[in-house]
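Structure file entry20.tsv with TSV, C-alpha atoms:
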```tsv
chain	number	residue	atom	x	y	z
A	161	MET	CA	70.89	188.63	229.14
A	162	THR	CA	70.28	185.65	231.36
A	163	GLU	CA	72.15	182.42	230.72
A	164	HIS	CA	70.24	179.15	230.68
A	165	VAL	CA	71.85	175.84	231.73
A	166	VAL	CA	70.12	172.50	231.13
A	167	GLN	CA	71.36	168.97	231.76
A	168	LEU	CA	69.98	166.39	229.34
A	169	PRO	CA	69.04	162.87	230.51
A	170	SER	CA	72.32	161.58	229.01
A	171	GLY	CA	74.29	163.85	231.36
A	172	LEU	CA	75.23	166.33	228.62
A	173	THR	CA	75.21	169.95	229.81
A	174	VAL	CA	73.76	172.59	227.48
A	175	ALA	CA	74.36	176.29	228.19
A	176	VAL	CA	72.70	179.05	226.14
A	177	GLU	CA	73.09	182.81	226.34
A	178	PRO	CA	70.74	184.72	224.00
A	179	MET	CA	72.23	188.01	222.77
A	180	GLY	CA	70.05	190.71	221.29
A	181	SER	CA	72.94	192.86	220.06
A	182	THR	CA	74.47	190.49	217.50
A	183	ARG	CA	73.60	188.76	214.23
A	184	THR	CA	75.92	185.81	214.90
A	185	VAL	CA	75.96	182.59	216.88
A	186	ALA	CA	78.95	180.86	218.45
A	187	ILE	CA	78.68	177.16	219.25
A	188	GLY	CA	81.27	175.28	221.29
A	189	VAL	CA	81.71	171.73	222.54
A	190	TRP	CA	83.93	171.44	225.61
A	191	VAL	CA	85.16	167.96	226.55
A	192	GLY	CA	86.60	167.79	230.08
A	193	VAL	CA	89.74	165.83	229.20
A	194	GLY	CA	93.04	167.38	228.14
A	195	ALA	CA	96.77	166.90	227.90
A	196	ARG	CA	97.29	166.32	231.64
A	197	ASP	CA	94.88	163.37	231.53
A	198	GLU	CA	96.89	161.25	229.09
A	199	PRO	CA	99.04	158.26	230.06
A	200	ASP	CA	102.73	158.94	229.45
A	201	GLY	CA	102.83	156.56	226.50
A	202	LEU	CA	99.94	158.39	224.83
A	203	ALA	CA	101.18	161.94	225.35
A	204	GLY	CA	99.59	164.11	222.66
A	205	VAL	CA	96.54	161.90	222.03
A	206	SER	CA	94.04	164.64	223.01
A	207	HIS	CA	95.62	167.03	220.51
A	208	PHE	CA	95.76	164.23	217.94
A	209	LEU	CA	92.01	163.71	218.35
A	210	GLU	CA	91.41	167.44	218.01
A	211	HIS	CA	92.94	167.22	214.54
A	212	LEU	CA	91.29	163.95	213.57
A	213	LEU	CA	87.72	164.95	214.31
A	214	PHE	CA	87.82	167.36	211.37
A	215	LYS	CA	89.04	164.66	208.98
A	216	GLY	CA	85.53	163.36	208.46
A	217	THR	CA	82.58	161.52	209.95
A	218	ALA	CA	80.46	158.57	208.91
A	219	SER	CA	78.51	160.85	206.55
A	220	ARG	CA	80.87	163.79	205.84
A	221	SER	CA	84.35	164.05	204.40
A	222	ALA	CA	86.85	166.68	205.55
A	223	ILE	CA	86.03	168.85	202.54
A	224	ASP	CA	82.30	168.48	203.27
A	225	ILE	CA	82.90	169.90	206.77
A	226	SER	CA	84.89	172.83	205.38
A	227	ARG	CA	82.36	173.59	202.64
A	228	THR	CA	79.46	173.54	205.08
A	229	VAL	CA	81.11	176.32	207.06
A	230	ASP	CA	82.46	178.27	204.07
A	231	ARG	CA	79.04	178.26	202.43
A	232	VAL	CA	77.63	180.46	205.20
A	233	GLY	CA	80.70	182.64	205.79
A	234	GLY	CA	81.52	181.04	209.12
A	235	ASP	CA	84.60	179.54	210.72
A	236	ILE	CA	85.32	176.31	212.59
A	237	ASN	CA	88.30	175.36	214.73
A	238	ALA	CA	89.44	173.57	217.86
A	239	TYR	CA	92.17	173.64	220.49
A	240	THR	CA	93.55	171.45	223.24
A	241	SER	CA	94.44	172.65	226.73
A	242	LYS	CA	95.84	170.91	229.78
A	243	GLU	CA	92.39	170.11	231.20
A	244	TYR	CA	89.90	170.17	228.30
A	245	THR	CA	89.53	170.04	224.53
A	246	ALA	CA	87.25	172.52	222.76
A	247	TYR	CA	85.61	172.46	219.32
A	248	TYR	CA	83.75	175.51	218.09
A	249	CYS	CA	82.22	177.30	215.13
A	250	ARG	CA	80.81	180.77	214.53
A	251	MET	CA	78.38	181.80	211.81
A	252	PRO	CA	75.33	183.99	211.09
A	253	ALA	CA	72.65	183.18	213.65
A	254	ARG	CA	70.12	182.03	211.04
A	255	TYR	CA	72.33	178.96	210.51
A	256	ALA	CA	72.50	178.04	214.20
A	257	ALA	CA	70.70	174.71	213.80
A	258	ALA	CA	73.06	173.69	210.98
A	259	GLY	CA	76.07	174.63	213.11
A	260	VAL	CA	74.85	172.57	216.06
A	261	GLU	CA	74.18	169.60	213.79
A	262	LEU	CA	77.65	169.88	212.22
A	263	LEU	CA	79.49	169.95	215.54
A	264	GLY	CA	77.32	167.13	216.85
A	265	ASP	CA	78.31	165.00	213.87
A	266	VAL	CA	82.00	165.90	214.19
A	267	VAL	CA	82.23	165.21	217.94
A	268	THR	CA	80.00	162.13	218.24
A	269	ARG	CA	80.56	160.27	214.95
A	270	PRO	CA	84.14	160.84	213.76
A	271	ALA	CA	85.47	158.28	211.29
A	272	LEU	CA	88.94	157.97	212.90
A	273	ARG	CA	90.19	155.93	209.93
A	274	ASP	CA	93.67	154.42	209.90
A	275	ASP	CA	94.60	156.41	206.77
A	276	ASP	CA	93.51	159.66	208.41
A	277	VAL	CA	95.55	158.88	211.50
A	278	GLU	CA	98.66	158.41	209.37
A	279	SER	CA	98.19	161.55	207.28
A	280	GLU	CA	97.41	163.72	210.32
A	281	ARG	CA	100.37	162.24	212.20
A	282	GLN	CA	102.64	163.93	209.68
A	283	VAL	CA	100.78	167.23	210.03
A	284	ILE	CA	101.23	167.16	213.83
A	285	LEU	CA	104.92	166.29	213.52
A	286	GLU	CA	105.27	169.33	211.26
A	287	GLU	CA	103.47	171.41	213.87
A	288	LEU	CA	105.91	170.24	216.54
A	289	ALA	CA	108.83	171.06	214.24
A	290	MET	CA	107.37	174.54	213.67
A	291	ASP	CA	107.14	175.08	217.43
A	292	ASP	CA	110.76	173.99	217.81
A	293	ASP	CA	111.73	176.80	215.43
A	294	SER	CA	110.41	179.39	217.88
A	295	PRO	CA	113.00	179.97	220.63
A	296	GLU	CA	110.47	181.76	222.85
A	297	ASP	CA	108.13	178.76	222.65
A	298	VAL	CA	110.98	176.37	223.42
A	299	ALA	CA	111.97	178.42	226.49
A	300	HIS	CA	108.41	178.50	227.82
A	301	ARG	CA	108.00	174.78	227.20
A	302	ALA	CA	111.23	174.04	229.08
A	303	PHE	CA	110.07	176.28	231.92
A	304	SER	CA	106.81	174.32	232.25
A	305	GLN	CA	108.77	171.09	232.36
A	306	GLN	CA	110.90	172.44	235.22
A	307	VAL	CA	108.06	173.99	237.22
A	308	PHE	CA	105.90	170.86	236.92
A	309	SER	CA	108.84	168.49	237.00
A	310	GLY	CA	107.97	164.95	235.98
A	311	HIS	CA	104.23	165.72	235.82
A	312	ALA	CA	101.81	165.77	232.88
A	313	LEU	CA	101.09	169.47	233.49
A	314	GLY	CA	104.65	170.17	232.39
A	315	ARG	CA	104.33	168.38	229.05
A	316	ASP	CA	103.74	170.12	225.75
A	317	THR	CA	100.02	169.96	224.93
A	318	ALA	CA	100.79	168.58	221.47
A	319	GLY	CA	102.88	165.74	222.93
A	320	GLU	CA	106.39	164.60	222.14
A	321	ARG	CA	107.71	163.55	218.75
A	322	GLU	CA	108.33	160.00	219.94
A	323	THR	CA	104.82	159.44	221.29
A	324	VAL	CA	103.12	161.16	218.35
A	325	ALA	CA	105.19	159.16	215.84
A	326	GLY	CA	104.33	155.86	217.52
A	327	LEU	CA	100.72	156.44	218.57
A	328	PRO	CA	98.62	153.50	217.25
A	329	ALA	CA	95.30	154.28	215.58
A	330	ALA	CA	93.58	151.77	217.84
A	331	GLU	CA	94.75	153.66	220.96
A	332	VAL	CA	93.42	156.92	219.53
A	333	ARG	CA	90.02	155.32	218.98
A	334	ARG	CA	90.09	153.80	222.46
A	335	PHE	CA	90.89	157.15	224.09
A	336	PHE	CA	87.98	158.72	222.21
A	337	ALA	CA	85.56	155.96	223.26
A	338	ASP	CA	86.64	156.15	226.90
A	339	HIS	CA	86.63	159.91	227.39
A	340	TYR	CA	84.28	161.61	224.90
A	341	ARG	CA	81.14	161.05	226.97
A	342	ALA	CA	78.08	163.11	227.81
A	343	GLY	CA	78.83	163.45	231.52
A	344	ASN	CA	82.01	165.46	230.98
A	345	THR	CA	80.89	167.44	227.94
A	346	VAL	CA	79.36	170.92	227.73
A	347	VAL	CA	77.70	172.37	224.64
A	348	ALA	CA	77.77	176.17	224.94
A	349	VAL	CA	75.87	178.46	222.56
A	350	ALA	CA	75.74	182.27	222.56
A	351	GLY	CA	74.18	184.65	220.07
A	352	ALA	CA	70.90	185.63	218.45
A	353	VAL	CA	69.14	182.36	219.27
A	354	ASP	CA	66.09	180.98	221.05
A	355	VAL	CA	66.89	178.83	224.10
A	356	ASP	CA	64.32	176.12	223.42
A	357	ASP	CA	65.34	175.84	219.78
A	358	VAL	CA	68.99	175.39	220.78
A	359	VAL	CA	68.23	172.74	223.41
A	360	ASP	CA	66.11	170.81	220.91
A	361	ALA	CA	68.85	171.02	218.27
A	362	VAL	CA	71.56	169.88	220.70
A	363	THR	CA	69.41	167.01	221.96
A	364	ALA	CA	69.04	165.71	218.42
A	365	ALA	CA	72.61	166.39	217.26
A	366	PHE	CA	74.29	164.77	220.28
A	367	GLU	CA	71.97	161.78	220.62
A	368	ALA	CA	74.81	159.42	219.68
A	369	MET	CA	77.14	160.61	222.47
A	370	PRO	CA	77.37	157.80	225.05
A	371	ALA	CA	76.38	158.44	228.64
A	372	GLY	CA	78.89	158.29	231.47
A	373	ASP	CA	81.66	160.50	232.77
A	374	GLY	CA	84.96	160.27	230.91
A	375	ARG	CA	87.00	162.42	233.27
A	376	VAL	CA	90.26	161.11	234.71
A	377	THR	CA	91.31	161.09	238.37
A	378	ARG	CA	94.05	163.69	238.61
A	379	THR	CA	97.16	163.75	240.78
A	380	ALA	CA	98.79	166.93	242.05
A	381	PRO	CA	102.29	167.76	240.76
A	382	PRO	CA	105.45	167.31	242.88
A	383	PRO	CA	107.69	170.25	243.87
A	384	PRO	CA	109.40	172.24	241.07
A	385	GLY	CA	112.69	171.24	239.49
A	386	ASP	CA	115.92	173.18	239.02
A	387	ASP	CA	117.19	176.03	236.85
A	388	LEU	CA	118.01	175.18	233.25
A	389	ALA	CA	120.28	176.76	230.64
A	390	ILE	CA	119.83	175.82	226.96
A	391	VAL	CA	122.60	176.82	224.58
A	392	ASP	CA	121.22	177.80	221.17
A	393	ASP	CA	122.41	179.91	218.25
A	394	THR	CA	119.71	182.58	218.51
A	395	GLU	CA	119.77	186.34	218.06
A	396	GLN	CA	118.35	186.90	221.55
A	397	VAL	CA	118.65	185.39	224.97
A	398	HIS	CA	115.22	184.24	226.13
A	399	LEU	CA	114.71	184.41	229.88
A	400	VAL	CA	111.80	182.79	231.72
A	401	MET	CA	111.61	183.00	235.51
A	402	GLY	CA	108.83	181.89	237.82
A	403	GLY	CA	107.43	179.26	240.08
A	404	ARG	CA	104.32	177.67	241.48
A	405	ALA	CA	101.18	179.66	242.23
A	406	VAL	CA	97.61	179.01	243.37
A	407	ALA	CA	94.96	176.66	241.97
A	408	ARG	CA	92.00	177.84	239.95
A	409	GLN	CA	89.48	178.17	242.79
A	410	ASP	CA	91.90	179.32	245.48
A	411	ALA	CA	90.62	182.24	247.54
A	412	ASP	CA	93.71	184.26	246.55
A	413	ARG	CA	93.18	183.86	242.80
A	414	GLU	CA	91.96	187.43	242.24
A	415	ALA	CA	94.67	188.88	244.47
A	416	LEU	CA	97.22	187.06	242.31
A	417	ASP	CA	95.64	188.64	239.21
A	418	VAL	CA	96.17	192.05	240.78
A	419	VAL	CA	99.81	191.42	241.69
A	420	ASN	CA	100.56	189.98	238.27
A	421	HIS	CA	99.15	193.07	236.56
A	422	VAL	CA	101.30	195.35	238.69
A	423	LEU	CA	104.42	193.27	238.08
A	424	GLY	CA	104.23	192.70	234.34
A	425	GLY	CA	100.67	192.35	233.10
A	426	GLY	CA	100.10	195.70	231.41
A	427	LEU	CA	101.61	198.78	229.79
A	428	SER	CA	101.92	200.51	233.17
A	429	SER	CA	103.48	197.47	234.85
A	430	ARG	CA	106.79	197.67	236.67
A	431	LEU	CA	108.69	195.33	234.35
A	432	PHE	CA	107.45	196.97	231.15
A	433	ASP	CA	108.16	200.46	232.46
A	434	GLU	CA	111.62	199.69	233.86
A	435	ILE	CA	113.05	197.33	231.24
A	436	ARG	CA	111.42	198.49	228.01
A	437	GLU	CA	110.27	202.09	228.47
A	438	ARG	CA	113.05	203.48	230.65
A	439	ARG	CA	116.03	201.41	229.50
A	440	GLY	CA	115.05	200.01	226.10
A	441	LEU	CA	116.60	196.63	226.90
A	442	ALA	CA	113.78	194.44	225.55
A	443	TYR	CA	110.97	194.60	223.04
A	444	SER	CA	108.96	191.88	224.77
A	445	VAL	CA	108.82	191.69	228.55
A	446	PHE	CA	105.81	190.58	230.57
A	447	SER	CA	104.54	188.39	233.39
A	448	GLY	CA	101.70	185.89	233.45
A	449	THR	CA	99.93	183.26	235.50
A	450	SER	CA	98.22	179.94	234.84
A	451	ALA	CA	95.79	178.08	237.07
A	452	PHE	CA	94.65	174.46	237.05
A	453	ALA	CA	92.39	172.30	239.19
A	454	ASP	CA	95.04	171.63	241.85
A	455	ALA	CA	98.04	173.82	241.05
A	456	GLY	CA	99.16	176.99	239.33
A	457	ALA	CA	102.23	178.80	238.05
A	458	TRP	CA	103.56	182.31	237.53
A	459	ASN	CA	106.25	183.44	235.11
A	460	ILE	CA	108.18	186.41	233.81
A	461	TYR	CA	109.50	186.49	230.24
A	462	ALA	CA	112.04	188.78	228.61
A	463	GLY	CA	113.86	188.55	225.30
A	464	THR	CA	117.03	190.59	224.94
A	465	THR	CA	120.34	190.68	223.09
A	466	PRO	CA	123.19	188.64	224.60
A	467	GLU	CA	125.12	191.72	225.72
A	468	HIS	CA	122.15	192.85	227.83
A	469	ALA	CA	121.11	189.46	229.21
A	470	VAL	CA	122.92	189.76	232.55
A	471	GLU	CA	121.55	193.25	233.14
A	472	VAL	CA	117.98	192.25	232.27
A	473	ARG	CA	118.12	189.24	234.56
A	474	ALA	CA	119.41	191.45	237.37
A	475	LEU	CA	116.62	193.98	236.79
A	476	VAL	CA	113.98	191.26	236.88
A	477	GLY	CA	115.47	189.97	240.12
A	478	ARG	CA	115.48	193.48	241.56
A	479	GLU	CA	111.81	194.01	240.73
A	480	LEU	CA	110.92	190.68	242.33
A	481	HIS	CA	112.86	191.61	245.45
A	482	ARG	CA	111.12	194.99	245.61
A	483	LEU	CA	107.73	193.34	245.22
A	484	VAL	CA	108.36	190.92	248.08
A	485	ALA	CA	109.93	193.55	250.33
A	486	GLU	CA	107.58	196.47	249.72
A	487	GLY	CA	104.37	195.10	248.20
A	488	ILE	CA	102.44	197.41	245.87
A	489	THR	CA	101.16	200.96	246.28
A	490	ASP	CA	97.52	201.92	246.75
A	491	GLU	CA	97.55	203.55	243.31
A	492	GLU	CA	98.87	200.38	241.70
A	493	LEU	CA	96.16	198.37	243.45
A	494	ASP	CA	93.48	200.73	242.18
A	495	ILE	CA	94.82	200.66	238.60
A	496	ALA	CA	95.03	196.86	238.58
A	497	ARG	CA	91.51	196.39	239.89
A	498	GLY	CA	90.17	198.80	237.27
A	499	TYR	CA	92.12	197.19	234.46
A	500	LEU	CA	91.05	193.63	235.29
A	501	ALA	CA	87.36	194.54	235.49
A	502	GLY	CA	87.40	196.71	232.37
A	503	ALA	CA	89.36	194.27	230.22
A	504	TYR	CA	87.05	191.45	231.32
A	505	GLU	CA	83.95	193.42	230.32
A	506	MET	CA	85.38	194.50	226.97
A	507	GLY	CA	86.46	190.95	226.23
A	508	LEU	CA	82.85	189.78	226.37
A	509	GLU	CA	81.54	191.91	223.52
A	510	ASP	CA	81.08	189.17	220.89
A	511	SER	CA	79.27	185.85	220.75
A	512	GLY	CA	82.48	183.83	220.63
A	513	ALA	CA	83.69	185.30	223.92
A	514	ARG	CA	80.32	184.72	225.56
A	515	MET	CA	80.30	181.11	224.37
A	516	SER	CA	83.82	180.56	225.71
A	517	ARG	CA	82.82	181.95	229.09
A	518	LEU	CA	79.92	179.51	229.34
A	519	GLY	CA	81.89	176.48	228.23
A	520	GLY	CA	85.01	177.27	230.19
A	521	GLN	CA	83.33	177.97	233.52
A	522	LEU	CA	80.99	174.98	233.39
A	523	THR	CA	83.84	172.66	232.38
A	524	LEU	CA	86.46	173.95	234.82
A	525	LEU	CA	84.38	175.27	237.73
A	526	GLY	CA	81.26	173.16	237.41
A	527	GLU	CA	79.12	176.29	237.68
A	528	LEU	CA	78.52	179.69	236.11
A	529	ARG	CA	79.96	182.71	237.89
A	530	SER	CA	78.12	185.88	236.95
A	531	ILE	CA	79.98	188.76	235.34
A	532	GLU	CA	79.02	190.98	238.27
A	533	ASP	CA	80.37	188.41	240.74
A	534	GLN	CA	83.72	188.19	238.98
A	535	ILE	CA	84.08	191.97	238.84
A	536	ALA	CA	83.18	192.19	242.54
A	537	ARG	CA	85.90	189.64	243.37
A	538	TRP	CA	88.58	191.88	241.84
A	539	ALA	CA	87.08	195.00	243.43
A	540	ALA	CA	87.22	193.36	246.85
A	541	VAL	CA	90.99	192.70	246.77
A	542	THR	CA	92.72	194.57	249.61
A	543	GLN	CA	96.32	195.32	250.52
A	544	ASP	CA	96.13	192.51	253.08
A	545	ASP	CA	95.14	190.09	250.29
A	546	VAL	CA	98.01	191.35	248.15
A	547	ARG	CA	100.51	190.91	250.96
A	548	ARG	CA	99.33	187.37	251.62
A	549	VAL	CA	99.55	186.24	247.99
A	550	ILE	CA	102.98	187.84	247.53
A	551	ASP	CA	104.26	185.87	250.51
A	552	ARG	CA	102.60	182.65	249.28
A	553	VAL	CA	103.70	182.88	245.66
A	554	TYR	CA	106.62	185.25	245.03
A	555	ALA	CA	108.75	184.89	248.16
A	556	ALA	CA	110.27	181.55	247.12
A	557	ASP	CA	113.37	181.46	244.92
A	558	PRO	CA	112.22	181.32	241.28
A	559	VAL	CA	113.04	178.66	238.72
A	560	THR	CA	114.99	180.21	235.85
A	561	VAL	CA	115.27	178.98	232.27
A	562	THR	CA	117.56	180.72	229.80
A	563	LEU	CA	117.90	179.94	226.12
A	564	GLY	CA	120.35	181.47	223.70
A	565	PRO	CA	124.08	181.97	222.98
A	566	LEU	CA	124.94	181.84	226.66
```
Could you render the structure from this file as structure tokens?
Amino acid sequence: MTEHVVQLPSGLTVAVEPMGSTRTVAIGVWVGVGARDEPDGLAGVSHFLEHLLFKGTASRSAIDISRTVDRVGGDINAYTSKEYTAYYCRMPARYAAAGVELLGDVVTRPALRDDDVESERQVILEELAMDDDSPEDVAHRAFSQQVFSGHALGRDTAGERETVAGLPAAEVRRFFADHYRAGNTVVAVAGAVDVDDVVDAVTAAFEAMPAGDGRVTRTAPPPPGDDLAIVDDTEQVHLVMGGRAVARQDADREALDVVNHVLGGGLSSRLFDEIRERRGLAYSVFSGTSAFADAGAWNIYAGTTPEHAVEVRALVGRELHRLVAEGITDEELDIARGYLAGAYEMGLEDSGARMSRLGGQLTLLGELRSIEDQIARWAAVTQDDVRRVIDRVYAADPVTVTLGPL
């Protein structure tokens, strides 16, 4: 069904997609500030705020927020990315107005009390410690730091222990006041709802959000750093290889999606077939890409036992060399185009996915790209496009991070 986008006088953007095939509603608030927008001394403050907003408001305690959602069988959560922070809930559609009011209260009137800052500080430090116990996560985090060397894009979204431990409550409140503003916020709603009812509910629930644009002027990252080896007493060696890729709205973005799928993005990919299926040298092996406003990255990951680490690294290098030297076959191109379109369509079956599409595109692209347009972009990728993006992205020597008993 047709999406509806309205900008309120405050500057707040409201996007609604009615769905006749569901009994649910998904409501999301997307604030266009994320981990890359933090000063170095406040690294992790966006993620800190994500936690704190559920600790209570002027009229609700944390348990009140939880009970409101539990009472209707719904769920509520949030996450922080490099370039935005999202808060969302999903519940039966008959409670849509209550869900909008709840998120409006949480996002526009959080208490941000000193005591809550201190208690949640400990929770976040535990979260960081938990992440440190995952060698794969540590390897990927180190890879980001090398690829975006010295830049905020390379930092862990949750921040560093030192900055989280020392973050003053007053700075958290100041960051919220400066950046949680109507001009860089999108409220996205998808489900069995009426457009006018949703717009009216959002207008009332977000009345307290101040006008203005809280986005930060962003700087592009410098060139990548060097290879890195981390010695750790793990059962596997974790290998991450990759480099810089294209920005989010680059004309070669869809061609990169195609190449990534052929290389390591699916069950029929070259890396999966060669390293796992044919040789049994890894349980987990894949490739991926990430794209931001002004930069991007690609990576390959494999986890293998120490005695196979050298062989796996050589096989990854061989597949990269073959990709650069030979490109991909017409059959691989056809499979990748079909996979990307089909997976995209199947991923939009529920109200939560539809809501995320609205909020994500309006926050990151500043516009809505139709489903048909996106599918057409993948279908239009040619061998010439593939050759160009391989030369742009994969021809350079990769950055390599290894972690394990080296």
Give me, as a tab-separated table, the closest atom pair and its distance (Å, one decimal) for every residue of region 317-379 of chain A within a cut-off of 12 Å of region 217-240 of chain A, counting all atoms listed in the file, rows sorted by chain and rising number.
```
residue	atom	partner	partner_atom	distance
A:Thr317	CA	A:Thr240	CA	6.9
A:Ala318	CA	A:Thr240	CA	8.0
A:Gly319	CA	A:Thr240	CA	10.9
```
Suppose we keep C-alpha atoms; can you now write the selection as a PDB file, in the frame of the given file?
```pdb
ATOM      1  CA  THR A 317     100.020 169.960 224.930  1.00  0.00           C
ATOM      2  CA  ALA A 318     100.790 168.580 221.470  1.00  0.00           C
ATOM      3  CA  GLY A 319     102.880 165.740 222.930  1.00  0.00           C
TER       4      GLY A 319
END
```
With distances taken over all atoms listed in the file, which of A:Asn459, A:Ser444, A:Thr377, A:Thr562 is nearest to Arg473 (chain A)?
A:Thr562
Near Val347 (chain A), within 7 Å and counting all atoms listed in the file, which residues show up once chain neighbours fewer than 3 positions away are dropped, as a list in words?
Thr173, Val174, Ala175, Gly188, Val189, Trp190 and Gly519 of chain A
Any idea what's packed within 10 Å of Ala496 (chain A), counting all atoms listed in the file, ignoring anything in its chain fewer than 2 positions away? Could you give it as a list in words?
Ala415, Asp417, Val418, Val419, Asn420, His421, Val422, Gly425, Gly426, Ser428, Ser429, Asp490, Glu491, Glu492, Leu493, Asp494, Gly498, Tyr499, Leu500, Ala501, Gly502, Trp538 and Ala539 of chain A
Export C-alpha atoms of the chosen residues as a compact mmCIF listing (two decimals), in the frame of the given file?
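Saved as selection17.txt:
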```txt
# COMPACT_ATOMS: atom_id res chain seq x y z
CA ALA A 415 94.67 188.88 244.47
CA ASP A 417 95.64 188.64 239.21
CA VAL A 418 96.17 192.05 240.78
CA VAL A 419 99.81 191.42 241.69
CA ASN A 420 100.56 189.98 238.27
CA HIS A 421 99.15 193.07 236.56
CA VAL A 422 101.30 195.35 238.69
CA GLY A 425 100.67 192.35 233.10
CA GLY A 426 100.10 195.70 231.41
CA SER A 428 101.92 200.51 233.17
CA SER A 429 103.48 197.47 234.85
CA ASP A 490 97.52 201.92 246.75
CA GLU A 491 97.55 203.55 243.31
CA GLU A 492 98.87 200.38 241.70
CA LEU A 493 96.16 198.37 243.45
CA ASP A 494 93.48 200.73 242.18
CA GLY A 498 90.17 198.80 237.27
CA TYR A 499 92.12 197.19 234.46
CA LEU A 500 91.05 193.63 235.29
CA ALA A 501 87.36 194.54 235.49
CA GLY A 502 87.40 196.71 232.37
CA TRP A 538 88.58 191.88 241.84
CA ALA A 539 87.08 195.00 243.43
```
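One distance worth recording is that between CA of Gly374 (chain A) and CA of Asp412 (chain A), which is 29.9 Å.
For the choices A:Leu441, A:Ala555, A:Ile390, A:Val406, the atom-to-atom distance to Leu480 (chain A) is smallest for A:Ala555 when using only C-alpha atoms.
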At a cut-off of 7 Å, using only C-alpha atoms, what residues contact region 292-301 of chain A? Leave out same-chain residues fewer than 2 positions from it and give the result as an MDAnalysis selection string.
chainID A and resid 288:290 303:305 316 398 400 561:563
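Compared by their closest atoms to Gln543 (chain A), and using only C-alpha atoms, the residues A:Ala513, A:Ile488, A:Ala462, A:Val266 rank with A:Ile488 nearest.
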Please provide as a JSON list (two decimals) with C-alpha atoms, in the coordinates of the input all residues within 8 Å of Gln306 (chain A), with the sequence filter that same-chain residues fewer than 6 positions apart are discarded (counting all atoms listed in the file).
```
[["chain", "number", "residue", "atom", "x", "y", "z"],
["A", 314, "GLY", "CA", 104.65, 170.17, 232.39],
["A", 384, "PRO", "CA", 109.40, 172.24, 241.07],
["A", 385, "GLY", "CA", 112.69, 171.24, 239.49],
["A", 386, "ASP", "CA", 115.92, 173.18, 239.02],
["A", 387, "ASP", "CA", 117.19, 176.03, 236.85],
["A", 388, "LEU", "CA", 118.01, 175.18, 233.25],
["A", 559, "VAL", "CA", 113.04, 178.66, 238.72]]
```
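The closest residue to Val324 (chain A), picked from A:Thr379, A:Ser206, A:Thr345, A:Thr560 and counting all atoms listed in the file, is A:Ser206.
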Would you mind reading off the distance between CA of Leu168 (chain A) and CA of Asp510 (chain A), one decimal, in Å?
26.7 Å
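Between CA of Glu437 (chain A) and CA of Ala389 (chain A) the interatomic distance comes to 27.3 Å.
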If we count only C-alpha atoms and set the cut-off at 7 Å, which residues sit around Phe446 (chain A), ignoring sequence neighbours fewer than 6 positions away in its own chain? Please answer as a PyMOL selection string.
chain A and resi 424-425+431-432+460-462
Suppose we keep C-alpha atoms; can you now write the selection as a short mmCIF file (atom, residue, chain, number, x, y, z; two decimals), keeping the file's coordinate frame?
```cif
data_model
loop_
_atom_site.label_atom_id
_atom_site.label_comp_id
_atom_site.auth_asym_id
_atom_site.auth_seq_id
_atom_site.Cartn_x
_atom_site.Cartn_y
_atom_site.Cartn_z
CA GLY A 424 104.23 192.70 234.34
CA GLY A 425 100.67 192.35 233.10
CA LEU A 431 108.69 195.33 234.35
CA PHE A 432 107.45 196.97 231.15
CA ILE A 460 108.18 186.41 233.81
CA TYR A 461 109.50 186.49 230.24
CA ALA A 462 112.04 188.78 228.61
#
```
